[in-house]
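Student: Would you mind keeping the following structure in view while I ask a few things?
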Amino acid sequence: MKRAGGLWAGVLTRDNLLRAFHQAARGKRGKREVRRFEEDLDRQLDQLRAEVVAGSFEVGRCHVFKVFEPKERLIHAARFVERVFHHALMNVCEPVFERQAVFHSYACRVGKGRLKAMGAAERAARAGGWFLKLDIRRYFESIPQDRLFGQVQRMIKDPMVLNWFGRIIASHAGPGGQGLPIGSLTSQHLANFYLNGLDRHCQAQAGVSGYVRYMDDFVLWSQEKVALVAAGRSIQAFVEGGLGLRLKHPPSPQRTALGMDFLGYRIYRTHTTLARRSKVRYRRKVRRLVAWEAAGAISAGGLQARYTALTAFCQPVCSWRFRRGVLAEFRSAAIGYESGEPGRQLEQRGQQRPLGEPEQQQPGQPEQQHRLPPGPQLSPVALIGTSQRGTEPAAVRTVGAGQRQTTAPSRGAGRVSGRRPTRTPHATPGAAPAAAVARSWSEHLI
């Protein structure tokens, strides 16, 4: 395999550094660090370029914090200027990494992603009767740095690019020379690149009909359980011997019809739903939003934005009834405000009347039809069908409580017709027309 060279000149060009700034600032322009960098953008980019050329640019200075969703992780957030340099470096080197990737690797790649991985898994599940799902134990913390850098050297020969990749990898001082920091752009690409050999090893197994990998989670499908048992043994040996890693669980093939948890979803042969853990997290986050809204700690726009993010994860699968049930259970203010047109949703929210207050006529709205209180005047009416065309309508009389219905059809009345009674000039004075009384009664039933 021919190694790539001549990459360093493209890293520090003005256009590439400016593009890297916009990539690093995406979604973070409100932060103070980003605003200060942008206020003096030309000087900041020139200083970054000068420090990198001189070799004095410092890497590895991170803000370290923990996150607990979906599980506890230690995040290393690099300085903004270092994130700009990471983007500039990967803009040039990413096509080299891309050439080494297989088609069914879906993490950290343009045109791939979580939804594409889920779609590929759904198609493979329909074709395979058995699946083998595996993942790496504490993957980012366990990557051997020397083996990773050796793979980069076999792919790239540019000395300056190799020098900076080596400094970035070594800046994370893990135990025994292991680990990459979670939260860095270069860490994501390097971690995904390190498992390219595993992709080829899995696809070479006999009897495998489908394969999907998203970072360190990967699944194989087959029509025969025996083939997956043999593949699991071979993969476990390759992961431990060839990569210096360990599987989280021993290989154990399962039936596809029973469903498989993958990327927060439960994939069956016929449909896909939310996984149980995803439902628990969704319920917990909605409860938090309800509490914030009740305490006035979040605005209507903030509530809409956060709930839209929750809905975006759930919408690709069968989850409508579950979401509506959760919102109804917590009596959330977000009921009826799922993702769509935020302006229209906020307008609807402003038009809602407070709980317990009577409805009032709003300007510009059609007149409301109020229900009349029940009583003898709204008792059911006895409607005798209209007569044949050209004759008077049949008699219409109200039936009060304890009264007996008596009707006297007009002379010439024929069979009962399905026509709706209409007002005629022959109506009895003081009595409501048949159509009006029937309409009032139907409204009373509603």
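Chain identifiers are assigned as A, B, and so on, following the order in which chains appear in the structure tokens; residues are numbered from 1 within each chain, and ligands are numbered from 1 in order of appearance.
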Near Gly55 in chain A, counting only C-alpha atoms, which residues have an atom at most 12 Å away, once you skip same-chain residues fewer than 4 positions from it, shown as a list in words?
Tutor: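 Using only C-alpha atoms, the neighbours found are Leu48, Arg49, Ala50, Glu51, Val59, Met160, Asn163, Trp164 and Arg167 of chain A.
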Student: If you keep all heavy atoms, can you produce a file of those selected residues as a PDB file, in the first residue's frame?
Tutor:
ATOM      1  N   LEU A  48      -1.449  31.329  15.365  1.00  0.00           N
ATOM      2  CA  LEU A  48      -1.536  29.865  15.364  1.00  0.00           C
ATOM      3  C   LEU A  48      -0.579  29.272  14.339  1.00  0.00           C
ATOM      4  O   LEU A  48       0.160  28.320  14.637  1.00  0.00           O
ATOM      5  CB  LEU A  48      -2.970  29.439  15.067  1.00  0.00           C
ATOM      6  CG  LEU A  48      -3.207  27.953  14.774  1.00  0.00           C
ATOM      7  CD1 LEU A  48      -2.822  27.097  15.970  1.00  0.00           C
ATOM      8  CD2 LEU A  48      -4.657  27.698  14.384  1.00  0.00           C
ATOM      9  N   ARG A  49      -0.560  29.826  13.167  1.00  0.00           N
ATOM     10  CA  ARG A  49       0.319  29.322  12.117  1.00  0.00           C
ATOM     11  C   ARG A  49       1.784  29.472  12.508  1.00  0.00           C
ATOM     12  O   ARG A  49       2.590  28.546  12.317  1.00  0.00           O
ATOM     13  CB  ARG A  49       0.038  30.067  10.808  1.00  0.00           C
ATOM     14  CG  ARG A  49       0.802  29.521   9.611  1.00  0.00           C
ATOM     15  CD  ARG A  49       0.456  30.299   8.353  1.00  0.00           C
ATOM     16  NE  ARG A  49       1.026  29.687   7.173  1.00  0.00           N
ATOM     17  CZ  ARG A  49       2.288  29.858   6.791  1.00  0.00           C
ATOM     18  NH1 ARG A  49       3.111  30.636   7.498  1.00  0.00           N
ATOM     19  NH2 ARG A  49       2.742  29.249   5.705  1.00  0.00           N
ATOM     20  N   ALA A  50       2.146  30.622  13.093  1.00  0.00           N
ATOM     21  CA  ALA A  50       3.541  30.850  13.476  1.00  0.00           C
ATOM     22  C   ALA A  50       3.981  29.875  14.572  1.00  0.00           C
ATOM     23  O   ALA A  50       5.104  29.334  14.534  1.00  0.00           O
ATOM     24  CB  ALA A  50       3.710  32.298  13.946  1.00  0.00           C
ATOM     25  N   GLU A  51       3.127  29.620  15.547  1.00  0.00           N
ATOM     26  CA  GLU A  51       3.485  28.700  16.635  1.00  0.00           C
ATOM     27  C   GLU A  51       3.609  27.265  16.133  1.00  0.00           C
ATOM     28  O   GLU A  51       4.485  26.512  16.577  1.00  0.00           O
ATOM     29  CB  GLU A  51       2.451  28.797  17.747  1.00  0.00           C
ATOM     30  CG  GLU A  51       2.461  30.114  18.501  1.00  0.00           C
ATOM     31  CD  GLU A  51       1.422  30.147  19.603  1.00  0.00           C
ATOM     32  OE1 GLU A  51       0.706  29.128  19.758  1.00  0.00           O
ATOM     33  OE2 GLU A  51       1.321  31.170  20.299  1.00  0.00           O
ATOM     34  N   VAL A  59      -0.167  21.338  22.764  1.00  0.00           N
ATOM     35  CA  VAL A  59      -1.344  20.475  22.628  1.00  0.00           C
ATOM     36  C   VAL A  59      -1.536  19.712  23.932  1.00  0.00           C
ATOM     37  O   VAL A  59      -0.590  19.483  24.690  1.00  0.00           O
ATOM     38  CB  VAL A  59      -1.186  19.487  21.454  1.00  0.00           C
ATOM     39  CG1 VAL A  59      -1.113  20.210  20.127  1.00  0.00           C
ATOM     40  CG2 VAL A  59       0.042  18.610  21.632  1.00  0.00           C
ATOM     41  N   MET A 160       6.221  15.957   9.019  1.00  0.00           N
ATOM     42  CA  MET A 160       5.603  16.946   9.888  1.00  0.00           C
ATOM     43  C   MET A 160       4.225  16.492  10.366  1.00  0.00           C
ATOM     44  O   MET A 160       3.857  16.695  11.528  1.00  0.00           O
ATOM     45  CB  MET A 160       5.495  18.284   9.158  1.00  0.00           C
ATOM     46  CG  MET A 160       6.830  18.967   8.920  1.00  0.00           C
ATOM     47  SD  MET A 160       7.695  19.324  10.466  1.00  0.00           S
ATOM     48  CE  MET A 160       6.590  20.475  11.253  1.00  0.00           C
ATOM     49  N   ASN A 163       4.815  13.931  12.967  1.00  0.00           N
ATOM     50  CA  ASN A 163       5.293  14.551  14.195  1.00  0.00           C
ATOM     51  C   ASN A 163       4.133  15.080  15.037  1.00  0.00           C
ATOM     52  O   ASN A 163       4.074  14.855  16.251  1.00  0.00           O
ATOM     53  CB  ASN A 163       6.270  15.672  13.859  1.00  0.00           C
ATOM     54  CG  ASN A 163       6.671  16.466  15.095  1.00  0.00           C
ATOM     55  OD1 ASN A 163       7.164  15.903  16.065  1.00  0.00           O
ATOM     56  ND2 ASN A 163       6.461  17.766  15.056  1.00  0.00           N
ATOM     57  N   TRP A 164       3.182  15.768  14.386  1.00  0.00           N
ATOM     58  CA  TRP A 164       2.079  16.346  15.137  1.00  0.00           C
ATOM     59  C   TRP A 164       1.080  15.286  15.578  1.00  0.00           C
ATOM     60  O   TRP A 164       0.501  15.389  16.672  1.00  0.00           O
ATOM     61  CB  TRP A 164       1.386  17.436  14.324  1.00  0.00           C
ATOM     62  CG  TRP A 164       2.172  18.713  14.356  1.00  0.00           C
ATOM     63  CD1 TRP A 164       2.944  19.233  13.372  1.00  0.00           C
ATOM     64  CD2 TRP A 164       2.271  19.603  15.468  1.00  0.00           C
ATOM     65  NE1 TRP A 164       3.532  20.403  13.780  1.00  0.00           N
ATOM     66  CE2 TRP A 164       3.129  20.663  15.065  1.00  0.00           C
ATOM     67  CE3 TRP A 164       1.734  19.626  16.745  1.00  0.00           C
ATOM     68  CZ2 TRP A 164       3.457  21.721  15.912  1.00  0.00           C
ATOM     69  CZ3 TRP A 164       2.047  20.686  17.589  1.00  0.00           C
ATOM     70  CH2 TRP A 164       2.902  21.719  17.168  1.00  0.00           C
ATOM     71  N   ARG A 167       2.624  13.860  18.698  1.00  0.00           N
ATOM     72  CA  ARG A 167       2.492  14.732  19.859  1.00  0.00           C
ATOM     73  C   ARG A 167       1.066  14.735  20.397  1.00  0.00           C
ATOM     74  O   ARG A 167       0.851  14.767  21.625  1.00  0.00           O
ATOM     75  CB  ARG A 167       2.933  16.143  19.482  1.00  0.00           C
ATOM     76  CG  ARG A 167       4.406  16.260  19.166  1.00  0.00           C
ATOM     77  CD  ARG A 167       4.788  17.663  18.725  1.00  0.00           C
ATOM     78  NE  ARG A 167       4.529  18.666  19.761  1.00  0.00           N
ATOM     79  CZ  ARG A 167       4.894  19.940  19.679  1.00  0.00           C
ATOM     80  NH1 ARG A 167       5.546  20.366  18.594  1.00  0.00           N
ATOM     81  NH2 ARG A 167       4.613  20.785  20.648  1.00  0.00           N
TER      82      ARG A 167
END
Student: Leaving out Gly6 in chain A and any residue of its chain fewer than 5 positions from it, which residues lie within 10 Å of it when counting only C-alpha atoms, given as a PyMOL selection string?
Tutor: chain A and resi 156-161
Student: Determine the nearest neighbour of Arg137 in chain A from the options A:Cys314, A:His249, A:Asp261, A:Ala291, counting only C-alpha atoms.
Tutor: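 The closest residue to Arg137 in chain A is A:His249.
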Student: So, with only C-alpha atoms as the atoms that count, which of A:Arg276, A:His271, A:Arg138, A:Arg324 lies closest to Lys248 in chain A?
Tutor: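 So, comparing all the options, the nearest one is A:Arg138.
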Student: Give the strand (DSSP E) residues of range 59-117 of chain A, as DSSP finds them on the backbone, and put them as a list in words.
Tutor: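 Going through range 59-117 of chain A, the strand (DSSP E) residues come out as Cys62, His63, Val64, Phe65, Lys66, Val67, Arg73, Leu74, Ile75, His76, Ala77 and Ala78 of chain A.
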Student: Grab the residues selected above and save them as a short mmCIF file (atom, residue, chain, number, x, y, z; two decimals), in the first residue's frame with all heavy atoms.
Tutor:
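As written to disk, out.cif reads:
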data_model
loop_
_atom_site.label_atom_id
_atom_site.label_comp_id
_atom_site.auth_asym_id
_atom_site.auth_seq_id
_atom_site.Cartn_x
_atom_site.Cartn_y
_atom_site.Cartn_z
N CYS A 62 -6.53 20.65 28.32
CA CYS A 62 -7.97 20.35 28.19
C CYS A 62 -8.71 20.74 29.46
O CYS A 62 -8.13 20.77 30.56
CB CYS A 62 -8.19 18.86 27.90
SG CYS A 62 -7.40 18.26 26.40
N HIS A 63 -9.98 21.00 29.29
CA HIS A 63 -10.90 21.14 30.42
C HIS A 63 -11.56 19.79 30.63
O HIS A 63 -12.25 19.27 29.74
CB HIS A 63 -11.94 22.22 30.12
CG HIS A 63 -13.06 22.26 31.11
ND1 HIS A 63 -12.86 22.48 32.46
CD2 HIS A 63 -14.41 22.10 30.95
CE1 HIS A 63 -14.02 22.45 33.08
NE2 HIS A 63 -14.98 22.23 32.19
N VAL A 64 -11.34 19.20 31.79
CA VAL A 64 -11.78 17.84 32.07
C VAL A 64 -13.04 17.89 32.93
O VAL A 64 -13.09 18.59 33.94
CB VAL A 64 -10.69 17.03 32.79
CG1 VAL A 64 -11.15 15.59 33.02
CG2 VAL A 64 -9.39 17.04 31.98
N PHE A 65 -14.08 17.15 32.51
CA PHE A 65 -15.32 17.06 33.27
C PHE A 65 -15.99 15.72 32.96
O PHE A 65 -15.59 15.01 32.04
CB PHE A 65 -16.26 18.23 32.93
CG PHE A 65 -16.64 18.31 31.48
CD1 PHE A 65 -17.80 17.72 31.01
CD2 PHE A 65 -15.82 18.97 30.57
CE1 PHE A 65 -18.16 17.78 29.67
CE2 PHE A 65 -16.16 19.04 29.24
CZ PHE A 65 -17.32 18.45 28.79
N LYS A 66 -17.02 15.41 33.74
CA LYS A 66 -17.73 14.14 33.60
C LYS A 66 -19.12 14.38 33.03
O LYS A 66 -19.76 15.40 33.31
CB LYS A 66 -17.86 13.41 34.94
CG LYS A 66 -16.58 12.76 35.43
CD LYS A 66 -16.84 11.96 36.70
CE LYS A 66 -15.56 11.26 37.17
NZ LYS A 66 -15.80 10.44 38.39
N VAL A 67 -19.58 13.43 32.25
CA VAL A 67 -20.97 13.38 31.79
C VAL A 67 -21.55 12.04 32.22
O VAL A 67 -20.81 11.06 32.41
CB VAL A 67 -21.08 13.56 30.27
CG1 VAL A 67 -20.57 14.93 29.84
CG2 VAL A 67 -20.32 12.47 29.53
N ARG A 73 -18.80 9.15 31.69
CA ARG A 73 -17.60 9.27 30.88
C ARG A 73 -16.80 10.49 31.35
O ARG A 73 -17.38 11.48 31.80
CB ARG A 73 -17.92 9.43 29.40
CG ARG A 73 -18.46 8.19 28.71
CD ARG A 73 -18.49 8.41 27.20
NE ARG A 73 -18.94 7.25 26.47
CZ ARG A 73 -20.16 7.08 26.00
NH1 ARG A 73 -21.06 8.02 26.20
NH2 ARG A 73 -20.49 6.00 25.32
N LEU A 74 -15.49 10.42 31.17
CA LEU A 74 -14.60 11.53 31.47
C LEU A 74 -14.26 12.23 30.15
O LEU A 74 -13.64 11.64 29.27
CB LEU A 74 -13.33 11.03 32.16
CG LEU A 74 -12.43 12.10 32.81
CD1 LEU A 74 -13.17 12.79 33.95
CD2 LEU A 74 -11.14 11.47 33.32
N ILE A 75 -14.67 13.49 30.01
CA ILE A 75 -14.52 14.24 28.77
C ILE A 75 -13.33 15.20 28.89
O ILE A 75 -13.17 15.88 29.92
CB ILE A 75 -15.80 15.03 28.44
CG1 ILE A 75 -17.01 14.08 28.42
CG2 ILE A 75 -15.66 15.75 27.10
CD1 ILE A 75 -16.92 12.99 27.40
N HIS A 76 -12.52 15.25 27.83
CA HIS A 76 -11.40 16.18 27.76
C HIS A 76 -11.69 17.18 26.63
O HIS A 76 -11.54 16.84 25.45
CB HIS A 76 -10.09 15.44 27.48
CG HIS A 76 -9.67 14.50 28.57
ND1 HIS A 76 -10.32 13.30 28.80
CD2 HIS A 76 -8.69 14.59 29.50
CE1 HIS A 76 -9.74 12.68 29.82
NE2 HIS A 76 -8.75 13.45 30.26
N ALA A 77 -12.12 18.38 26.99
CA ALA A 77 -12.44 19.41 26.01
C ALA A 77 -11.22 20.29 25.79
O ALA A 77 -10.76 20.98 26.71
CB ALA A 77 -13.62 20.25 26.48
N ALA A 78 -10.67 20.25 24.59
CA ALA A 78 -9.47 21.02 24.28
C ALA A 78 -9.79 22.50 24.17
O ALA A 78 -10.95 22.91 24.00
CB ALA A 78 -8.85 20.52 22.97
#
Student: Restricting the calculation to only C-alpha atoms: of A:Val53, A:Ala117, A:Leu45, A:Val239, which residue gets closest to Tyr211 in chain A?
Tutor: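 Between A:Val53, A:Ala117, A:Leu45, A:Val239, the residue approaching Tyr211 in chain A most closely is A:Ala117.
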Student: Here is a test: counting only C-alpha atoms, which residue of A:Gly128, A:Gly27, A:Gly113, A:Leu247 is nearest to Arg233 in chain A?
Tutor: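 When distances to Arg233 in chain A are compared using only C-alpha atoms, the smallest one comes from A:Leu247.
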Student: Taking 6 positions as the minimum chain separation for residues in the same chain, which residues sit within 12 Å of Val280 in chain A when counting only C-alpha atoms? Answer as a ChimeraX atom specification.
Tutor: /A:69-70,264,274,286-287,322-323,326
Student: For a quick check of understanding, using only C-alpha atoms, which of A:Ile143, A:Val81, A:Ala204, A:Met215 has the smallest distance to Pro181 in chain A?
Tutor: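 The closest residue to Pro181 in chain A is A:Ile143.
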Student: Quick one: of A:Leu132, A:Ala328, A:Met118, A:Ala237, who's nearest to Pro253 in chain A, counting only C-alpha atoms?
Tutor: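 Counting only C-alpha atoms, the residue closest to Pro253 in chain A is A:Leu132.
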Student: Give me, please, the distance in Å between CA of Tyr194 in chain A and CA of Leu148 in chain A, quoted to one decimal.
Tutor: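 Distance reported for this atom pair: 6.3 Å.
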Student: Any idea what the distance is between CA of Gly242 in chain A and CA of Gly176 in chain A?
Tutor: 17.5 Å
Student: Leaving out Lys225 in chain A and any residue of its chain fewer than 2 positions from it, which residues lie within 10 Å of it when counting only C-alpha atoms, given as a PDB file with N, CA, C and O atoms, in the first residue's frame?
Tutor:
ATOM      1  N   GLY A 129     -30.937 -14.809  10.253  1.00  0.00           N
ATOM      2  CA  GLY A 129     -31.724 -15.373  11.339  1.00  0.00           C
ATOM      3  C   GLY A 129     -31.039 -15.295  12.686  1.00  0.00           C
ATOM      4  O   GLY A 129     -31.692 -15.387  13.723  1.00  0.00           O
ATOM      5  N   TRP A 130     -29.698 -15.122  12.683  1.00  0.00           N
ATOM      6  CA  TRP A 130     -28.923 -15.043  13.919  1.00  0.00           C
ATOM      7  C   TRP A 130     -28.007 -13.831  13.860  1.00  0.00           C
ATOM      8  O   TRP A 130     -27.590 -13.409  12.770  1.00  0.00           O
ATOM      9  N   PHE A 131     -27.705 -13.257  15.025  1.00  0.00           N
ATOM     10  CA  PHE A 131     -26.777 -12.130  15.068  1.00  0.00           C
ATOM     11  C   PHE A 131     -25.790 -12.325  16.222  1.00  0.00           C
ATOM     12  O   PHE A 131     -26.068 -13.015  17.203  1.00  0.00           O
ATOM     13  N   LEU A 132     -24.640 -11.687  16.078  1.00  0.00           N
ATOM     14  CA  LEU A 132     -23.600 -11.694  17.105  1.00  0.00           C
ATOM     15  C   LEU A 132     -23.175 -10.249  17.333  1.00  0.00           C
ATOM     16  O   LEU A 132     -22.537  -9.636  16.478  1.00  0.00           O
ATOM     17  N   GLY A 207     -19.658 -17.666   6.293  1.00  0.00           N
ATOM     18  CA  GLY A 207     -21.070 -17.720   6.658  1.00  0.00           C
ATOM     19  C   GLY A 207     -21.658 -16.408   7.124  1.00  0.00           C
ATOM     20  O   GLY A 207     -22.843 -16.367   7.477  1.00  0.00           O
ATOM     21  N   TRP A 221     -24.247 -10.864  11.201  1.00  0.00           N
ATOM     22  CA  TRP A 221     -25.463 -11.647  10.989  1.00  0.00           C
ATOM     23  C   TRP A 221     -25.135 -12.866  10.136  1.00  0.00           C
ATOM     24  O   TRP A 221     -24.223 -12.839   9.290  1.00  0.00           O
ATOM     25  N   SER A 222     -25.901 -13.924  10.368  1.00  0.00           N
ATOM     26  CA  SER A 222     -25.734 -15.146   9.588  1.00  0.00           C
ATOM     27  C   SER A 222     -27.014 -15.967   9.699  1.00  0.00           C
ATOM     28  O   SER A 222     -27.821 -15.780  10.619  1.00  0.00           O
ATOM     29  N   GLN A 223     -27.200 -16.874   8.756  1.00  0.00           N
ATOM     30  CA  GLN A 223     -28.330 -17.793   8.812  1.00  0.00           C
ATOM     31  C   GLN A 223     -28.049 -18.989   9.707  1.00  0.00           C
ATOM     32  O   GLN A 223     -28.979 -19.691  10.111  1.00  0.00           O
ATOM     33  N   ALA A 227     -21.904 -20.811  12.390  1.00  0.00           N
ATOM     34  CA  ALA A 227     -20.965 -19.895  11.749  1.00  0.00           C
ATOM     35  C   ALA A 227     -20.629 -18.724  12.662  1.00  0.00           C
ATOM     36  O   ALA A 227     -19.469 -18.280  12.716  1.00  0.00           O
ATOM     37  N   LEU A 228     -21.592 -18.213  13.404  1.00  0.00           N
ATOM     38  CA  LEU A 228     -21.323 -17.107  14.300  1.00  0.00           C
ATOM     39  C   LEU A 228     -20.533 -17.546  15.528  1.00  0.00           C
ATOM     40  O   LEU A 228     -19.735 -16.759  16.065  1.00  0.00           O
ATOM     41  N   VAL A 229     -20.721 -18.756  15.973  1.00  0.00           N
ATOM     42  CA  VAL A 229     -19.920 -19.262  17.090  1.00  0.00           C
ATOM     43  C   VAL A 229     -18.448 -19.310  16.698  1.00  0.00           C
ATOM     44  O   VAL A 229     -17.555 -18.855  17.444  1.00  0.00           O
ATOM     45  N   ALA A 230     -18.166 -19.854  15.515  1.00  0.00           N
ATOM     46  CA  ALA A 230     -16.785 -19.911  15.046  1.00  0.00           C
ATOM     47  C   ALA A 230     -16.217 -18.516  14.805  1.00  0.00           C
ATOM     48  O   ALA A 230     -15.059 -18.229  15.126  1.00  0.00           O
ATOM     49  N   ALA A 231     -17.044 -17.607  14.240  1.00  0.00           N
ATOM     50  CA  ALA A 231     -16.585 -16.245  14.000  1.00  0.00           C
ATOM     51  C   ALA A 231     -16.290 -15.528  15.312  1.00  0.00           C
ATOM     52  O   ALA A 231     -15.318 -14.766  15.406  1.00  0.00           O
ATOM     53  N   SER A 252     -21.728 -14.502  22.031  1.00  0.00           N
ATOM     54  CA  SER A 252     -22.917 -15.321  22.262  1.00  0.00           C
ATOM     55  C   SER A 252     -23.961 -14.990  21.210  1.00  0.00           C
ATOM     56  O   SER A 252     -24.648 -13.963  21.317  1.00  0.00           O
ATOM     57  N   PRO A 253     -24.112 -15.807  20.166  1.00  0.00           N
ATOM     58  CA  PRO A 253     -25.113 -15.532  19.122  1.00  0.00           C
ATOM     59  C   PRO A 253     -26.531 -15.581  19.674  1.00  0.00           C
ATOM     60  O   PRO A 253     -26.848 -16.370  20.578  1.00  0.00           O
ATOM     61  N   GLN A 254     -27.406 -14.734  19.125  1.00  0.00           N
ATOM     62  CA  GLN A 254     -28.807 -14.670  19.528  1.00  0.00           C
ATOM     63  C   GLN A 254     -29.687 -14.678  18.287  1.00  0.00           C
ATOM     64  O   GLN A 254     -29.241 -14.342  17.180  1.00  0.00           O
ATOM     65  N   ARG A 255     -30.962 -15.037  18.493  1.00  0.00           N
ATOM     66  CA  ARG A 255     -31.914 -15.026  17.389  1.00  0.00           C
ATOM     67  C   ARG A 255     -32.322 -13.595  17.036  1.00  0.00           C
ATOM     68  O   ARG A 255     -32.623 -12.790  17.915  1.00  0.00           O
TER      69      ARG A 255
END
Student: Tell me which protein, DNA and RNA residues are within 12 Å of His189 in chain A, counting only C-alpha atoms, leaving out same-chain ones fewer than 4 positions away, and put them as JSON, numbers by chain.
Tutor: {"A": [86, 87, 89, 90, 91, 93, 94, 95, 96, 97, 98, 100, 101, 105, 106, 107, 108, 109, 110, 140, 148, 152, 165, 169, 180, 181, 182, 183, 184, 185, 193, 194, 195, 196, 215]}
Student: Using DSSP secondary structure from the backbone, list all helix (DSSP H, G or I) positions within range 163-227 of chain A, as a ChimeraX atom specification.
Tutor: /A:163-170,185-194,196-203,225-227
Student: Can you tell me how far CA of Ala191 in chain A sits from CA of Ser171 in chain A, in Å to one decimal?
Tutor: 15.3 Å
